[in-house]
Amino acid sequence: MSAADAAAALRPTEPLPLPSGLCLAPRLKLLLTFFRADLSVRPVDEWQLKSALLAFLRDPPLSLPVLPDSDLSVRTLPDLHKRRRDEPVASGVLHLRDLSFLRPRSHKGDEEEAEEMTREQEEEKYFQWRSSLVEKLAGIELNLEGVKFRMSVEIPPSDDFRAMKKSWENFYASELLSSRNPVRKIAKRPDTILVRGVPSRWFAETRISSKASTLVTHTIFSALGKIRNLNISSDDEWGAKQDRTNKEIISGLNCKVWVQFENYDNFNSAMQALCGRSLEKEGSRLKVDYEVTWDREGFFRNAQYELVRSNLEDRDSSALGRKKHYTSRIESDHRKRFRD
């Protein structure tokens with residue numbers, strides 16, 4: 001089975017091993033936002049808010065299995081005294097990493113066996129469970145010693161493959177309709193992904209450098225499909241943004257990667273494999289929540305245009321330089337004959 005086929009056949013609850021000891025581990029990530037639900041002005045206690053929410057998640061009717069304290073983070077927002085009543089006072093992130101309970105099992109006597117389900121059936125079951133969970137969590141109220149808070153829930157855009165696929169289909173459909181040239185009315189589809197917030201050292205050559213290597217990065221992403229173009233650059237903006245909320249991530253150590261695949265099928269399989277997963281490395285306890293999206297700006301197309309334009313400018317400059325040199329020689333000869 002090829003790399004593209006393996007990525008395409010990946011089930012939503014299955015991990016995907018990658019070269020260099022990396023792995024795409026399945027998980028559900030939810031972004032939480034907390035608002036005041038009463039007229040209280042008491043300070044927000046992060047520990048109390050987290051404890052109350054953990055109790056709600058672990059007790060019936062949700063009874064979420066295997067939910068460590070570390071998989072829920074809650075942080076108060078700055079300048080609470082300056083915020084209006086309808087503005088949020090805290091934010092949080094909930095990770096559900098053990099999704100094995102979604103795999104159907106049948107009991108035969110004392111033994112438990114996994115039921116046969118197609119990838120499409122398991123995928124549909126996963127999305128139904130995710131939608132149901134978000135619906136149950138959205139709008140709940142937490143009572144902390146008489147102080148009430150209301151919570152909203154959101155799936156990160158880079159984790160929602162179906163919404164992202166719809167966005168690129170709508171984008172190219174509108175682009176096709178707006179085209180005035182009937183000859184050029186050919187449906188386009190994306191082929192390039194952008195991954196941000198991955199540790200540079202995980203994509204570097206071991207014991208040689210801490211900077212991401214093109215060769216190592218190409219090898220890693222080749223596990224998702226056949227690659228046409230690849231570009232790596234540092235991602236200081238991502239590191240600075242994360243530093244304000246997560247002290248474990250240091251600015252300057254992250255990179256962003258553009259990957260252009262040979263065809264749309266490889267691109268689609270890679271996007272589906274990257275959505276809803278964290279990047280983990282063997283021997284490390286760090287679980288990286290990268291951000292993945294599709295490239296609507298045409299990064300490699302623009303890069304090729306800039307290269308061609310640069311080559312044309314260099315050629316024009318060289319021609320102009322030769323022309324000036326030739327003219328100056330004629331003028332010099334003319335002045336010489338005039339003196340004679």
# chains A, B, ... in the order shown; residues from 1 in each chain; ligands from 1
>>> select_by_dssp(residues="range 43-209 of chain A", states="strand (DSSP E or B)", output="MDAnalysis selection string")
chainID A and resid 72:76 90:96 105:108 111:114 141:144 147:154 192:199 204
>>> write_last_selection(atoms="C-alpha atoms", output="JSON list (two decimals), in the first residue's frame")
[["chain", "number", "residue", "atom", "x", "y", "z"],
["A", 72, "LEU", "CA", -8.20, 20.49, 30.29],
["A", 73, "SER", "CA", -6.68, 23.96, 30.61],
["A", 74, "VAL", "CA", -8.52, 27.09, 31.79],
["A", 75, "ARG", "CA", -7.07, 30.62, 31.84],
["A", 76, "THR", "CA", -8.63, 33.89, 32.89],
["A", 90, "ALA", "CA", -11.93, 33.07, 30.65],
["A", 91, "SER", "CA", -10.95, 30.65, 27.91],
["A", 92, "GLY", "CA", -9.95, 27.01, 27.86],
["A", 93, "VAL", "CA", -8.96, 24.03, 25.76],
["A", 94, "LEU", "CA", -10.32, 20.51, 26.18],
["A", 95, "HIS", "CA", -8.54, 17.49, 24.67],
["A", 96, "LEU", "CA", -10.14, 14.07, 24.40],
["A", 105, "ARG", "CA", -17.18, -4.12, 19.98],
["A", 106, "SER", "CA", -19.25, -7.27, 20.26],
["A", 107, "HIS", "CA", -19.29, -9.75, 23.12],
["A", 108, "LYS", "CA", -19.03, -13.45, 22.41],
["A", 111, "GLU", "CA", -14.38, -12.49, 24.94],
["A", 112, "GLU", "CA", -14.71, -9.06, 23.39],
["A", 113, "GLU", "CA", -14.07, -8.65, 19.69],
["A", 114, "ALA", "CA", -14.05, -5.62, 17.43],
["A", 141, "GLU", "CA", -23.89, 26.82, 33.22],
["A", 142, "LEU", "CA", -21.37, 26.15, 35.97],
["A", 143, "ASN", "CA", -22.18, 27.25, 39.53],
["A", 144, "LEU", "CA", -19.09, 28.10, 41.59],
["A", 147, "VAL", "CA", -21.30, 32.51, 40.98],
["A", 148, "LYS", "CA", -22.59, 31.32, 37.61],
["A", 149, "PHE", "CA", -20.67, 31.01, 34.36],
["A", 150, "ARG", "CA", -21.96, 30.13, 30.90],
["A", 151, "MET", "CA", -19.74, 28.22, 28.48],
["A", 152, "SER", "CA", -19.59, 28.20, 24.68],
["A", 153, "VAL", "CA", -17.81, 25.50, 22.65],
["A", 154, "GLU", "CA", -16.10, 25.67, 19.27],
["A", 192, "THR", "CA", -1.05, 22.69, -1.29],
["A", 193, "ILE", "CA", -1.31, 22.57, 2.50],
["A", 194, "LEU", "CA", 0.20, 24.89, 5.09],
["A", 195, "VAL", "CA", 1.18, 23.48, 8.49],
["A", 196, "ARG", "CA", 2.10, 25.93, 11.26],
["A", 197, "GLY", "CA", 3.39, 25.55, 14.79],
["A", 198, "VAL", "CA", 5.51, 22.40, 14.49],
["A", 199, "PRO", "CA", 8.81, 22.20, 16.44],
["A", 204, "ALA", "CA", 15.93, 18.70, 11.82]]
>>> select_by_dssp(residues="range 26-173 of chain A", states="helix (DSSP H, G or I)", output="number ranges by chain")
A: 46-58, 69-71, 80-82, 100-102, 119-137, 157-159, 161-173
>>> closest_atom_pairs(of="range 138-233 of chain A", to="range 125-132 of chain A", cutoff="10 Å", atoms="only C-alpha atoms", output="JSON lines")
{"residue": "A:Ile155", "atom": "CA", "partner": "A:Arg130", "partner_atom": "CA", "distance": 9.4}
{"residue": "A:Asp160", "atom": "CA", "partner": "A:Phe127", "partner_atom": "CA", "distance": 9.9}
{"residue": "A:Arg162", "atom": "CA", "partner": "A:Phe127", "partner_atom": "CA", "distance": 9.6}
>>> closest_residue(among="A:Ile232, A:Leu133, A:Met271, A:Leu53", to="Asn254 in chain A", atoms="only C-alpha atoms")
A:Ile232
>>> closest_atom_pairs(of="range 10-65 of chain A", to="range 282-296 of chain A", cutoff="12 Å", atoms="only C-alpha atoms", output="JSON lines")
{"residue": "A:Pro17", "atom": "CA", "partner": "A:Glu282", "partner_atom": "CA", "distance": 10.3}
{"residue": "A:Leu18", "atom": "CA", "partner": "A:Glu282", "partner_atom": "CA", "distance": 10.5}
{"residue": "A:Pro19", "atom": "CA", "partner": "A:Glu282", "partner_atom": "CA", "distance": 10.7}
{"residue": "A:Ser20", "atom": "CA", "partner": "A:Glu282", "partner_atom": "CA", "distance": 8.7}
{"residue": "A:Gly21", "atom": "CA", "partner": "A:Glu282", "partner_atom": "CA", "distance": 5.3}
{"residue": "A:Leu22", "atom": "CA", "partner": "A:Glu282", "partner_atom": "CA", "distance": 6.3}
{"residue": "A:Cys23", "atom": "CA", "partner": "A:Glu282", "partner_atom": "CA", "distance": 8.0}
{"residue": "A:Leu24", "atom": "CA", "partner": "A:Val288", "partner_atom": "CA", "distance": 9.7}
{"residue": "A:Ala25", "atom": "CA", "partner": "A:Lys287", "partner_atom": "CA", "distance": 8.8}
{"residue": "A:Pro26", "atom": "CA", "partner": "A:Asp289", "partner_atom": "CA", "distance": 11.0}
{"residue": "A:Arg27", "atom": "CA", "partner": "A:Asp289", "partner_atom": "CA", "distance": 10.0}
{"residue": "A:Leu28", "atom": "CA", "partner": "A:Asp289", "partner_atom": "CA", "distance": 10.8}
{"residue": "A:Lys29", "atom": "CA", "partner": "A:Asp289", "partner_atom": "CA", "distance": 9.0}
{"residue": "A:Leu30", "atom": "CA", "partner": "A:Asp289", "partner_atom": "CA", "distance": 11.7}
>>> closest_residue(among="A:Ala173, A:Leu32, A:Ile220, A:Ala163", to="Ile140 in chain A", atoms="only C-alpha atoms")
A:Leu32
